[in-house]
Amino acid sequence: MRLLVALLVLPMVLFGQGGLEDYRRSFGLRDRYADLAVNLPERATWIEGGTKFWYRKTVKGGGEFVIVDASSLEKKPAFDHTRLAEGITKATGEKVGALNLPFTSFNFVDGGRGITFQVGQVTWRASLADYAVSRVSPPQGRGGQPFGGGLALPGRNQLGQPDRVIASPDGKWEALVRNYNLAIREKGKSEIVPLSFEGSEGNYYATGLIVWSPDSAKIAAYRIRPGFQRQIHFIESSPSDQLQPKHSVMDYAKPGDVLDLQQPVIFHVASRKQIAVDNALFPNPYQLSRPVWRRDSNAFTFEYNQRGHQVFRVIEVSAESGNARAVISEEPKTFFCYSSKRFRHDIADGREIVWMSERDGWNHLYLYDGLTGKVKNQITKGEWVVRGVEKVDEEKRQIWFTASGMYPDKDPYFLHYYRINFDGTGLTAFTRADANHSVAFSPDMKFYVDTYSRVDMPPVSELHRTEDARLVAEIERGDISALTAAGWRAPEVFVSKARDGKTDIWGIIVRPSNFDASKKYPVVEQIYAGPHGSFVPKSFFSAGPVMALAELGFIVVQIDGMGTNNRSKAFHDVSWKNLADAGFPDRILWHKAVAAKYPYYDITRVGVYGHSAGGQNALGALLFHGDFYKAAVSSCGCHDNRMDKIWWNEQWMGWPIGPEYIACSNVENAHRLKGKLLLSVGELDNNVDPASTMQVVNALVKAGKTFEFLVLPGQGHSNGGAYGDRKRADFFVRHLLGKEPPDWNLLDEKLPQPPVRR
């Protein structure tokens with residue numbers, strides 16, 4: 001009997017009191033560090049129509065809002081925080097502290113006499129005279145305009161409804177859909193005049209895609225031939241309002257599905273003439289953007305993204321003849337990254353166009369002749385990338401933009417701000433510090449507030465004059481002296497060479513606050529290799545999941561391998577039809593380079609965890625590189641790219657569906673599993689079909705593999721919050737540290753909840 005008792009308590013003995021201290025330190029990290037980093041400024045927000053801006057900064061006990069006049073340099077609280085907190089408490093019935101207001105941004109209204117702010121889904125207004133707080137009705141969406149000016153996501157468009165009308169610019173006419181056809185009527189009258197007759201349930205006009213010409217004489221519309229309407233099904237096992245489970249469905253297009261086919265049609269109102277547009281230039285659309293008329297009403301444009309994302313065109317259609325021409329045509333060998341590298345600005349009603357392209361191997365800006373469709377000149381050029389456009393000044397023929405990678409031997413991901421002339425001359429830098437920058441320009445562009453930081457440097461906020469980039473005043477400088485004194489350790493930036501032996505791979509190393517270089521530490525990598533972005537933090541952070549996990553006795557790292565975004569086109573193209581790669585060859589070399597420099601970095605014990613695309617990557621580490629990675633935690637992974645949402649997966653894996661999808665599938669390769677695995681999924685995940693995880697589970701079971709699996713009732717695209725964080729921590733403690741975590745069912749002590757990702 002004594003032996004049995006000893007065996008039962010052995011795991012807790014092995015873990016010991018020191019282990020519990022690690023958990024206390026880990027779970028309480030955010031609270032312990034919360035008030036220690038002060039004067040950390042957030043991005044500034046300029047107030048329209050003046051020279052003032054506001055920002056929020058950390059103070060001991062929370063945060064406060066500050067307003068600054070750029071002309072006089074007067075700085076003061078944006079409002080009376082105490083009175084506002086009292087007003088919110090009175091209006092909501094929930095106690096609010098002055099330094100813990102339930103919002104991080106707001107808008108001045110009524111000429112500065114009040115503010116509006118949002119708490120959850122509710123908008124509130126506060127008077128700055130008496131600090132009375134009242135609820136504001138939520139703004140109503142614009143009827144008939146669901147697609148805005150951007151690309152319309154593929155899928156089922158709403159059938160026209162009789163009571164939805166689109167008014168002409170001159171206010172004399174209304175366009176609407178009746179019996180699936182386009183019709184018009186005079187404003188204020190009930191008589192309907194049909195403009196089309198061929199519409200049906202299987203070939204209908206959509207109200208949200210009806211656009212009047214500026215002269216009110218013509219209409220551009222789309223006729224829709226619906227594709228396959230795929231749905232995914234959910235079972236909510238444990239609803240809060242009833243005992244029995246609930247069933248629900250949602251529309252969810254997947255790779256390979258037949259999509260809606262959009263056909264542009266022109267209508268002349270006076271003559272009732274209908275002109276079909278020849279689709280030779282857009283035969284196989286993944287997406288067509290909403291029509292945009294030229295100001296002279298002689299033509300309209302739309303953007304065509306071809307299925308497979310290897311052809312992207314700006315198409316102009318003559319309103320008189322219906323003839324279409326390609327003003328711009330991008331036809332890369334791999335993908336056109338429409339999701340994050342698409343920018344177009346029409347100048348002088350389309351006579352010139354500023355266009356973004358990776359055609360020379362780097363993401364840059366080009367000036368097009370809109371009449372001939374030829375490039376007039378390349379505006380930006382070099383082995384660096386344009387990250388975004390802040391402003392196009394047509395009068396001065398200048399572009400204000402963000403870019404990264406312009407400075408050799410510096411972090412190529414740091415954002416910097418510049419201005420350049422249309423002809424490519426006059427490149428001017430507005431940011432100089434070796435850091436990641438966030439700049440807010442004043443409405444008149446005469447001033448800007450530059451807020452910058454690094455993972456190892458707290459934020460600094462400066463006011464500059466735009467004319468010469470001269471520093472006007474330092475607004476804030478973050479103070480982390482108390483944070484450092486409490487044991488906080490800044491992440492280390494580490495760089496090694498990629499698989500090609502030439503390209504730099506950047507990552508960070510996070511060590512526990514009680515780090516001891518004489519010990520050996522297992523390593524945990526947080527992974528997210530989605531090609532839509534780059535993910536290693538570049539700005540300052542004082543706490544978070546990676547730091548909390550390190551406190552348990554790990555070194556935690558993050559790495560951007562090849563195949564992720566914001567470097568060269570060749571760097572990005574590694575992901576093309578190859579999501580299983582996930583930059584692992586580069587990541588493993590990076591780990592080995594760290595281990596070669598630091599003997600305490602134990603690459604015989606490397607774990608990995610990730611969520612969503614990172615969940616796919618984490619499991620892929622054990623399937624395709626199980627000789628290196630020993631343990632993985634994967635939550636809500638898109639484990640088979642045929643099962644996940646169409647827009648993300650076809651962007652990188654291509655169309656039509658080919659053998660690459662099978663080669664990259666965690667389901668098809670589940671039999672390759674090596675190492676220790678914990679899978680989790682939210683049963684109501686409406687981002688990644690939960691069946692993706694269930695199919696992996698099925699394949700692992702059929703292959704006779706051993707693994708752990710956690711289903712999260714009632715949760716969506718989540719890793720389980722604090723409970724999931726604790727499960728992940730326990731998993732790595734058990735399988736990388738070789739210790740048994742506390743038995744939480746027996747432990748009387750209530751530890752703080754683990755920090756969850758914000």
# chains A, B, ... in the order shown; residues from 1 in each chain; ligands from 1
call {"tool": "closest_atom_pairs", "arguments": {"of": "region 268-361 of chain A", "to": "region 256-262 of chain A", "cutoff": "8 Å", "atoms": "only C-alpha atoms", "output": "JSON lines"}}
result
{"residue": "A:Pro285", "atom": "CA", "partner": "A:Leu261", "partner_atom": "CA", "distance": 7.0}
{"residue": "A:Tyr286", "atom": "CA", "partner": "A:Leu259", "partner_atom": "CA", "distance": 7.3}
{"residue": "A:Leu288", "atom": "CA", "partner": "A:Gln262", "partner_atom": "CA", "distance": 7.2}
call {"tool": "write_last_selection", "arguments": {"atoms": "N, CA and C atoms", "output": "compact mmCIF listing (two decimals), in the first residue's frame"}}
result
# COMPACT_ATOMS: atom_id res chain seq x y z
N PRO A 285 -12.87 34.41 -63.96
CA PRO A 285 -12.65 35.27 -62.79
C PRO A 285 -12.71 34.51 -61.47
N TYR A 286 -11.74 34.81 -60.64
CA TYR A 286 -11.86 34.48 -59.22
C TYR A 286 -12.65 35.61 -58.56
N LEU A 288 -14.10 39.81 -59.56
CA LEU A 288 -14.18 41.08 -60.26
C LEU A 288 -14.51 42.14 -59.23
call {"tool": "residues_around", "arguments": {"residues": "His268 (chain A)", "least_positions_apart": "3", "cutoff": "8 Å", "atoms": "only C-alpha atoms", "output": "number ranges by chain"}}
result
A: 217-219, 271-274
call {"tool": "write_last_selection", "arguments": {"atoms": "C-alpha atoms", "output": "PDB file, in the first residue's frame"}}
result
ATOM      1  CA  ALA A 217     -27.261  58.444 -68.072  1.00  0.00           C
ATOM      2  CA  LYS A 218     -25.830  54.933 -67.775  1.00  0.00           C
ATOM      3  CA  ILE A 219     -25.635  51.994 -65.416  1.00  0.00           C
ATOM      4  CA  SER A 271     -32.545  54.513 -75.033  1.00  0.00           C
ATOM      5  CA  ARG A 272     -32.969  51.422 -72.805  1.00  0.00           C
ATOM      6  CA  LYS A 273     -30.004  49.989 -74.703  1.00  0.00           C
ATOM      7  CA  GLN A 274     -28.237  46.976 -73.185  1.00  0.00           C
TER       8      GLN A 274
END
call {"tool": "residues_around", "arguments": {"residues": "Asp170 (chain A)", "least_positions_apart": "5", "cutoff": "9 Å", "atoms": "only C-alpha atoms", "output": "list in words"}}
result
Pro214, Asp215 and Ser216 of chain A
call {"tool": "residues_around", "arguments": {"residues": "Phe554 (chain A)", "least_positions_apart": "3", "cutoff": "8 Å", "atoms": "only C-alpha atoms", "output": "PyMOL selection string"}}
result
chain A and resi 511-512+521-524+549-551
call {"tool": "write_last_selection", "arguments": {"atoms": "N, CA and C atoms", "output": "mmCIF file, in the first residue's frame"}}
result
data_model
loop_
_atom_site.group_PDB
_atom_site.id
_atom_site.type_symbol
_atom_site.label_atom_id
_atom_site.label_comp_id
_atom_site.auth_asym_id
_atom_site.auth_seq_id
_atom_site.Cartn_x
_atom_site.Cartn_y
_atom_site.Cartn_z
ATOM 1 N N ARG A 511 14.371 34.441 -23.269
ATOM 2 C CA ARG A 511 14.891 33.627 -22.174
ATOM 3 C C ARG A 511 14.082 33.886 -20.914
ATOM 4 N N PRO A 512 14.051 32.938 -19.988
ATOM 5 C CA PRO A 512 13.336 33.172 -18.725
ATOM 6 C C PRO A 512 14.036 34.244 -17.900
ATOM 7 N N TYR A 521 18.788 24.327 -21.745
ATOM 8 C CA TYR A 521 17.382 24.682 -21.871
ATOM 9 C C TYR A 521 16.768 24.057 -23.112
ATOM 10 N N PRO A 522 15.644 23.369 -22.946
ATOM 11 C CA PRO A 522 14.893 22.954 -24.135
ATOM 12 C C PRO A 522 14.323 24.184 -24.827
ATOM 13 N N VAL A 523 14.026 24.032 -26.104
ATOM 14 C CA VAL A 523 13.614 25.162 -26.934
ATOM 15 C C VAL A 523 12.192 24.942 -27.427
ATOM 16 N N VAL A 524 11.398 25.991 -27.393
ATOM 17 C CA VAL A 524 10.056 25.946 -27.970
ATOM 18 C C VAL A 524 9.950 27.056 -29.007
ATOM 19 N N LEU A 549 5.677 31.475 -21.273
ATOM 20 C CA LEU A 549 6.109 30.091 -21.467
ATOM 21 C C LEU A 549 7.577 29.910 -21.104
ATOM 22 N N ALA A 550 8.395 30.891 -21.423
ATOM 23 C CA ALA A 550 9.827 30.806 -21.096
ATOM 24 C C ALA A 550 10.055 30.672 -19.598
ATOM 25 N N GLU A 551 9.185 31.275 -18.796
ATOM 26 C CA GLU A 551 9.359 31.247 -17.345
ATOM 27 C C GLU A 551 9.300 29.837 -16.769
#
call {"tool": "residues_around", "arguments": {"residues": "Asn181 (chain A)", "least_positions_apart": "3", "cutoff": "12 Å", "atoms": "only C-alpha atoms", "output": "number ranges by chain"}}
result
A: 159-162, 175-178, 184, 192-207, 210, 221-224, 265
call {"tool": "write_last_selection", "arguments": {"atoms": "N, CA and C atoms", "output": "PDB file, in the first residue's frame"}}
result
ATOM      1  N   LEU A 159     -29.719  37.780 -53.931  1.00  0.00           N
ATOM      2  CA  LEU A 159     -30.652  38.084 -55.004  1.00  0.00           C
ATOM      3  C   LEU A 159     -31.257  39.454 -54.746  1.00  0.00           C
ATOM      4  N   GLY A 160     -31.612  40.138 -55.854  1.00  0.00           N
ATOM      5  CA  GLY A 160     -32.178  41.467 -55.704  1.00  0.00           C
ATOM      6  C   GLY A 160     -33.487  41.444 -54.935  1.00  0.00           C
ATOM      7  N   GLN A 161     -33.700  42.494 -54.178  1.00  0.00           N
ATOM      8  CA  GLN A 161     -34.925  42.618 -53.399  1.00  0.00           C
ATOM      9  C   GLN A 161     -35.657  43.879 -53.850  1.00  0.00           C
ATOM     10  N   PRO A 162     -36.969  43.816 -54.011  1.00  0.00           N
ATOM     11  CA  PRO A 162     -37.717  44.942 -54.576  1.00  0.00           C
ATOM     12  C   PRO A 162     -37.547  46.252 -53.827  1.00  0.00           C
ATOM     13  N   ALA A 175     -32.587  52.721 -59.382  1.00  0.00           N
ATOM     14  CA  ALA A 175     -32.366  51.410 -60.000  1.00  0.00           C
ATOM     15  C   ALA A 175     -32.652  50.336 -58.962  1.00  0.00           C
ATOM     16  N   LEU A 176     -33.217  49.238 -59.414  1.00  0.00           N
ATOM     17  CA  LEU A 176     -33.566  48.153 -58.513  1.00  0.00           C
ATOM     18  C   LEU A 176     -33.630  46.852 -59.301  1.00  0.00           C
ATOM     19  N   VAL A 177     -33.757  45.756 -58.574  1.00  0.00           N
ATOM     20  CA  VAL A 177     -33.884  44.445 -59.202  1.00  0.00           C
ATOM     21  C   VAL A 177     -35.298  43.928 -58.953  1.00  0.00           C
ATOM     22  N   ARG A 178     -35.963  43.546 -60.046  1.00  0.00           N
ATOM     23  CA  ARG A 178     -37.278  42.940 -59.963  1.00  0.00           C
ATOM     24  C   ARG A 178     -37.280  41.649 -60.783  1.00  0.00           C
ATOM     25  N   ILE A 184     -35.605  50.287 -63.645  1.00  0.00           N
ATOM     26  CA  ILE A 184     -35.496  51.646 -63.113  1.00  0.00           C
ATOM     27  C   ILE A 184     -36.905  52.196 -62.922  1.00  0.00           C
ATOM     28  N   ILE A 192     -42.501  50.738 -62.898  1.00  0.00           N
ATOM     29  CA  ILE A 192     -41.215  50.095 -63.120  1.00  0.00           C
ATOM     30  C   ILE A 192     -40.942  49.989 -64.613  1.00  0.00           C
ATOM     31  N   VAL A 193     -39.738  50.374 -65.010  1.00  0.00           N
ATOM     32  CA  VAL A 193     -39.314  50.252 -66.402  1.00  0.00           C
ATOM     33  C   VAL A 193     -38.199  49.212 -66.466  1.00  0.00           C
ATOM     34  N   PRO A 194     -38.455  48.025 -67.032  1.00  0.00           N
ATOM     35  CA  PRO A 194     -37.406  47.001 -67.094  1.00  0.00           C
ATOM     36  C   PRO A 194     -36.321  47.375 -68.098  1.00  0.00           C
ATOM     37  N   LEU A 195     -35.074  47.112 -67.704  1.00  0.00           N
ATOM     38  CA  LEU A 195     -33.945  47.319 -68.616  1.00  0.00           C
ATOM     39  C   LEU A 195     -33.385  45.991 -69.123  1.00  0.00           C
ATOM     40  N   SER A 196     -33.591  44.935 -68.374  1.00  0.00           N
ATOM     41  CA  SER A 196     -33.134  43.609 -68.820  1.00  0.00           C
ATOM     42  C   SER A 196     -34.299  42.639 -68.714  1.00  0.00           C
ATOM     43  N   PHE A 197     -34.161  41.526 -69.451  1.00  0.00           N
ATOM     44  CA  PHE A 197     -35.244  40.545 -69.475  1.00  0.00           C
ATOM     45  C   PHE A 197     -34.736  39.110 -69.317  1.00  0.00           C
ATOM     46  N   GLU A 198     -33.444  38.926 -69.355  1.00  0.00           N
ATOM     47  CA  GLU A 198     -32.872  37.573 -69.361  1.00  0.00           C
ATOM     48  C   GLU A 198     -32.589  37.033 -67.972  1.00  0.00           C
ATOM     49  N   GLY A 199     -32.825  37.816 -66.937  1.00  0.00           N
ATOM     50  CA  GLY A 199     -32.506  37.397 -65.581  1.00  0.00           C
ATOM     51  C   GLY A 199     -33.361  36.237 -65.101  1.00  0.00           C
ATOM     52  N   SER A 200     -32.763  35.402 -64.274  1.00  0.00           N
ATOM     53  CA  SER A 200     -33.471  34.265 -63.679  1.00  0.00           C
ATOM     54  C   SER A 200     -32.761  33.877 -62.393  1.00  0.00           C
ATOM     55  N   GLU A 201     -33.318  32.876 -61.697  1.00  0.00           N
ATOM     56  CA  GLU A 201     -32.690  32.425 -60.465  1.00  0.00           C
ATOM     57  C   GLU A 201     -31.256  31.968 -60.693  1.00  0.00           C
ATOM     58  N   GLY A 202     -31.005  31.435 -61.893  1.00  0.00           N
ATOM     59  CA  GLY A 202     -29.662  30.933 -62.197  1.00  0.00           C
ATOM     60  C   GLY A 202     -28.816  31.895 -62.992  1.00  0.00           C
ATOM     61  N   ASN A 203     -29.298  33.156 -63.136  1.00  0.00           N
ATOM     62  CA  ASN A 203     -28.550  34.138 -63.925  1.00  0.00           C
ATOM     63  C   ASN A 203     -29.141  35.515 -63.617  1.00  0.00           C
ATOM     64  N   TYR A 204     -28.847  36.022 -62.434  1.00  0.00           N
ATOM     65  CA  TYR A 204     -29.588  37.165 -61.894  1.00  0.00           C
ATOM     66  C   TYR A 204     -28.720  38.408 -61.758  1.00  0.00           C
ATOM     67  N   TYR A 205     -29.370  39.547 -61.663  1.00  0.00           N
ATOM     68  CA  TYR A 205     -28.692  40.811 -61.386  1.00  0.00           C
ATOM     69  C   TYR A 205     -28.675  41.038 -59.874  1.00  0.00           C
ATOM     70  N   ALA A 206     -27.574  41.613 -59.385  1.00  0.00           N
ATOM     71  CA  ALA A 206     -27.401  41.838 -57.946  1.00  0.00           C
ATOM     72  C   ALA A 206     -27.464  43.329 -57.655  1.00  0.00           C
ATOM     73  N   THR A 207     -28.336  43.714 -56.744  1.00  0.00           N
ATOM     74  CA  THR A 207     -28.518  45.130 -56.422  1.00  0.00           C
ATOM     75  C   THR A 207     -27.220  45.775 -55.950  1.00  0.00           C
ATOM     76  N   ILE A 210     -24.833  47.345 -58.718  1.00  0.00           N
ATOM     77  CA  ILE A 210     -25.383  48.315 -59.663  1.00  0.00           C
ATOM     78  C   ILE A 210     -24.719  49.658 -59.399  1.00  0.00           C
ATOM     79  N   ALA A 221     -23.681  47.170 -64.394  1.00  0.00           N
ATOM     80  CA  ALA A 221     -24.209  46.170 -63.466  1.00  0.00           C
ATOM     81  C   ALA A 221     -23.554  44.824 -63.755  1.00  0.00           C
ATOM     82  N   TYR A 222     -23.668  43.931 -62.796  1.00  0.00           N
ATOM     83  CA  TYR A 222     -23.178  42.571 -62.976  1.00  0.00           C
ATOM     84  C   TYR A 222     -24.355  41.603 -62.973  1.00  0.00           C
ATOM     85  N   ARG A 223     -24.326  40.728 -63.963  1.00  0.00           N
ATOM     86  CA  ARG A 223     -25.250  39.604 -63.964  1.00  0.00           C
ATOM     87  C   ARG A 223     -24.501  38.393 -63.415  1.00  0.00           C
ATOM     88  N   ILE A 224     -25.127  37.682 -62.500  1.00  0.00           N
ATOM     89  CA  ILE A 224     -24.452  36.636 -61.742  1.00  0.00           C
ATOM     90  C   ILE A 224     -24.999  35.254 -62.099  1.00  0.00           C
ATOM     91  N   VAL A 265     -22.467  44.258 -67.537  1.00  0.00           N
ATOM     92  CA  VAL A 265     -23.432  44.675 -68.552  1.00  0.00           C
ATOM     93  C   VAL A 265     -23.640  46.180 -68.416  1.00  0.00           C
TER      94      VAL A 265
END
call {"tool": "atom_distance", "arguments": {"atom1": "CA of Gly487 (chain A)", "atom2": "CA of Ile508 (chain A)"}}
result
18.4 Å
call {"tool": "residues_around", "arguments": {"residues": "Lys592 (chain A)", "least_positions_apart": "4", "cutoff": "10 Å", "atoms": "only C-alpha atoms", "output": "count of residues only"}}
result
10
call {"tool": "closest_residue", "arguments": {"among": "A:Asp278, A:Asp22, A:Asp560, A:Glu395", "to": "Asp730 (chain A)", "atoms": "only C-alpha atoms"}}
result
A:Asp22
call {"tool": "closest_residue", "arguments": {"among": "A:Asp369, A:Asp500, A:Glu331, A:Asp516", "to": "Met562 (chain A)", "atoms": "only C-alpha atoms"}}
result
A:Asp500
call {"tool": "residues_around", "arguments": {"residues": "Ser481 (chain A)", "least_positions_apart": "3", "cutoff": "9 Å", "atoms": "only C-alpha atoms", "output": "mmCIF file with N, CA and C atoms, in the first residue's frame"}}
result
data_model
loop_
_atom_site.group_PDB
_atom_site.id
_atom_site.type_symbol
_atom_site.label_atom_id
_atom_site.label_comp_id
_atom_site.auth_asym_id
_atom_site.auth_seq_id
_atom_site.Cartn_x
_atom_site.Cartn_y
_atom_site.Cartn_z
ATOM 1 N N LEU A 36 4.992 48.427 -14.572
ATOM 2 C CA LEU A 36 6.420 48.738 -14.446
ATOM 3 C C LEU A 36 6.996 49.481 -15.639
ATOM 4 N N ALA A 37 6.397 49.339 -16.801
ATOM 5 C CA ALA A 37 6.858 50.088 -17.980
ATOM 6 C C ALA A 37 5.940 51.295 -18.137
ATOM 7 N N THR A 484 13.002 46.384 -15.838
ATOM 8 C CA THR A 484 14.285 45.685 -15.864
ATOM 9 C C THR A 484 14.719 45.272 -14.464
ATOM 10 N N ALA A 485 14.487 46.149 -13.498
ATOM 11 C CA ALA A 485 14.858 45.833 -12.120
ATOM 12 C C ALA A 485 14.068 44.649 -11.580
ATOM 13 N N ALA A 486 12.878 44.419 -12.136
ATOM 14 C CA ALA A 486 12.037 43.303 -11.688
ATOM 15 C C ALA A 486 12.423 41.985 -12.339
#
call {"tool": "atom_distance", "arguments": {"atom1": "CA of Lys645 (chain A)", "atom2": "CA of Gln526 (chain A)"}}
result
23.2 Å
call {"tool": "select_by_dssp", "arguments": {"residues": "region 485-708 of chain A", "states": "strand (DSSP E or B)", "output": "count of residues only"}}
result
51
call {"tool": "atom_distance", "arguments": {"atom1": "CA of Tyr629 (chain A)", "atom2": "CA of Leu710 (chain A)"}}
result
21.1 Å
call {"tool": "closest_residue", "arguments": {"among": "A:Ala473, A:Leu673, A:Leu29, A:Val165", "to": "Gly544 (chain A)", "atoms": "only C-alpha atoms"}}
result
A:Leu29
call {"tool": "closest_atom_pairs", "arguments": {"of": "region 448-522 of chain A", "to": "region 72-96 of chain A", "cutoff": "12 Å", "atoms": "only C-alpha atoms", "output": "CSV"}}
result
residue,atom,partner,partner_atom,distance
A:Glu462,CA,A:Leu73,CA,11.6
A:Leu463,CA,A:Leu73,CA,9.4
A:His464,CA,A:Leu73,CA,11.7
A:Val472,CA,A:Leu73,CA,8.9
A:Ala473,CA,A:Leu73,CA,7.9
A:Glu474,CA,A:Leu73,CA,10.1
A:Ile475,CA,A:Lys75,CA,8.8
A:Glu476,CA,A:Lys75,CA,10.9
